[in-house]
Every structure is written in C-alpha cells, then in structure tokens.
Amino acid sequence: MEAPGDRASTADPRSSAQAARYLAIITDGNGRWARAHGLPVNEGHSAGADTVKARLRDAAELGIEELTVYSFSTENWSRPAEEVEGLMEMFSGRIANETPELNEEGVRMRFIGRREGVAEQLREQMGWAEELTAQNSRITLFVAFNYGGRAEILDAARRFTGGGEEEFRAGLYAPEMHDPDLIIRTSGERRLSNYLLWQSAYSELIFREEMWPDFTREALEESLAEFAERRRRFGGH
C-alpha cells in the first residue's frame with residue numbers, strides 16, 4: 001500500500017486503463033428492498049450489513065486495498081426513532097460479534113464521522129475495533145458513520161492553521177485514506193448525497209440499479225471492469 005504522501009489526489013496524470021485499488025460505495029436501497037419483500041425496514045438494514053461483509057471479502061480477493069462504505073449519515077438522525085434505534089442496536093451488535101472474525105481475516109477497521117452525539121457504548125466499541133485491527137494490512141474498511149462530507153470539511157477547516165492541500169487533509173477524519181478511484185452507488189439514485197466531497201474530486205462514478213442487498217459479487221466485478229475501461233486524465237488531455 002502506498003504511503004499517505006503518494007495518494008491518488010496528487011494526480012498521477014495517467015490516461016491508460018488501470019485497476020481500482022481504492023473503492024467507496026454508497027450502500028443505498030436497504031429500506032426499499034425491505035418494503036419490496038414485505039419486511040420491516042430494519043430487516044433491510046440487516047440484509048445490507050450482510051452484503052457489506054460479503055462484498056468486503058470479495059473486494060479483498062479482487063485486489064481492493066481500501067473500501068469505504070456509507071453506513072449512517074448525519075442526516076439519517078431525522079429518520080423515524082424506531083428505525084434509528086434499531087440501526088444503533090445493529091451497529092453495536094455487528095461490531096461486537098464480527099470484529100474478531102474480521103481481525104482474523106486481516107481487515108483493518110476505521111470509523112469516520114463525528115463521534116459527538118453517538119452513545120458512549122458505541123463510541124467505545126468503535127475505538128476497540130480500531131485498536132484491535134490497527135496492525136492489519138490486507139484491506140482497510142472505512143465505515144462512514146454519523147458522517148457528512150460538508151461536516152468533515154467544516155471540522156477540518158476548524159483545525160486548519162495554514163498551508164496547502166496536504167496540510168488541510170491532515171484535519172480530515174482519516175488523513176491516511178486515499179482518494180477513491182471509484183465510487184459506486186446502488187438503487188438507481190444518481191448523486192453523491194454529501195459523501196466524501198473532498199476525496200471524490202477525481203473519482204469515477206458508477207450508478208447501479210439494484211438495491212444494495214441485491215448487489216452481488218458479479219455486480220462488483222462488472223463495476224470494476226467498467227472502471228478499468230475508462231481513461232482517467234485528471235484534467236489532462
């Protein structure tokens with residue numbers, strides 16, 4: 001894996017096809033998937049969490065070095081209280097039960113977003129998962145939780161004391177994160193929805209029609225193949 005100073009954001013202006021190493025996904029459509037199957041909405045979120053775990057393993061096998069998933073945005077607090085409570089319980093249970101397994105598989109976990117407003121127990125679990133997996137290097141899973149792209153930029157701006165882009169980047173939630181080569185969004189929506197606004201400046205975008213729980217390994221491979229056929233110029237010719 002490259003050192004932070006070698007990030008893609010430093011604009012290696014290659015135009016030839018290349019394989020994605022840094023992938024971000026907007027895991028959209030859990031609620032609509034649940035409704036379409038006659039299930040409670042939190043069953044959709046649970047199915048979506050299962051898909052994250054499965055595609056994380058696929059991504060590692062396919063050579064992805066960093067995977068970032070949008071699990072809970074700063075705007076999601078406005079959802080019905082029962083749904084939010086169910087999501088918090090699910091996150092807590094998943095971190096507790098699955099972190100040891102992911103650690104054995106060489107996954108490094110990082111949570112990005114505002115910790116303020118998150119229950120103390122959940123904050124402690126996040127810190128525990130990060131500490132336990134800190135030395136792993138097979139793949140890094142960045143979980144965007146209580147995350148908003150504008151909030152991240154505002155928080156970094158408050159810490160910024162001068163300099164250029166690299167100095168500003170040091171104030172982001174995960175300064176070591178590489179800019180995504182590719183961002184995938186499921187469910188047919190075609191927008192970034194306040195996701196990785198700083199990091200996505202030169203990311204390729206792919207929009208898929210299937211709901212996130214239906215996003216298979218085949219769909220991931222198709223997306224990576226489409227990316228490989230694109231010519232990335234980074235503002236060049």
# chains A, B, ... in the order shown; residues from 1 in each chain; ligands from 1
>>> residues_around(residues="A:Phe207", least_positions_apart="4", cutoff="9 Å", atoms="only C-alpha atoms", output="list in words")
Ile183, Ile184, Arg185, Thr186, Ser187, Gly188, Glu189, Arg190, Arg191 and Ser223 of chain A
>>> write_last_selection(atoms="C-alpha atoms", output="short mmCIF file (atom, residue, chain, number, x, y, z; two decimals), in the first residue's frame")
data_model
loop_
_atom_site.label_atom_id
_atom_site.label_comp_id
_atom_site.auth_asym_id
_atom_site.auth_seq_id
_atom_site.Cartn_x
_atom_site.Cartn_y
_atom_site.Cartn_z
CA ILE A 183 -17.47 5.40 -6.15
CA ILE A 184 -20.41 3.07 -6.70
CA ARG A 185 -23.98 3.92 -5.74
CA THR A 186 -26.75 1.36 -5.77
CA SER A 187 -30.58 1.68 -6.01
CA GLY A 188 -30.71 3.79 -9.18
CA GLU A 189 -30.09 7.15 -7.49
CA ARG A 190 -27.51 9.35 -9.23
CA ARG A 191 -25.96 11.71 -6.71
CA SER A 223 -18.31 -2.27 -11.89
#
>>> select_by_dssp(residues="stretch 54-223 of chain A", states="strand (DSSP E or B)", output="JSON, numbers by chain")
{"A": [66, 67, 68, 69, 70, 71, 72, 73, 107, 108, 109, 110, 111, 112, 139, 140, 141, 142, 143, 144, 145, 146, 147, 182, 183, 184, 185, 204, 205, 206, 207]}
>>> closest_residue(among="A:Arg232, A:Arg138, A:Arg94, A:Arg150", to="A:Arg114", atoms="only C-alpha atoms")
A:Arg150
>>> select_by_dssp(residues="stretch 57-237 of chain A", states="alpha helix (DSSP H)", output="PyMOL selection string")
chain A and resi 57-61+81-104+120-133+149-159+165-169+217-229
>>> residues_around(residues="A:Ile139", least_positions_apart="4", cutoff="8 Å", atoms="only C-alpha atoms", output="PyMOL selection string")
chain A and resi 60+64-67+106-108
>>> decode(residues="stretch 144-160 of chain A", atoms="C-alpha atoms", output="CSV table (one decimal), in the first residue's frame")
chain,number,residue,atom,x,y,z
A,144,ALA,CA,-18.7,6.3,7.4
A,145,PHE,CA,-20.9,6.5,10.5
A,146,ASN,CA,-22.6,9.8,11.6
A,147,TYR,CA,-20.8,11.1,8.5
A,148,GLY,CA,-21.4,14.1,6.2
A,149,GLY,CA,-18.9,15.4,3.6
A,150,ARG,CA,-19.7,19.0,4.4
A,151,ALA,CA,-19.4,18.3,8.2
A,152,GLU,CA,-15.9,16.7,7.5
A,153,ILE,CA,-14.7,19.8,5.6
A,154,LEU,CA,-16.1,22.1,8.3
A,155,ASP,CA,-14.4,20.1,11.0
A,156,ALA,CA,-11.1,20.1,9.1
A,157,ALA,CA,-11.4,23.8,8.4
A,158,ARG,CA,-11.6,24.5,12.2
A,159,ARG,CA,-8.3,22.6,12.7
A,160,PHE,CA,-6.6,24.1,9.7
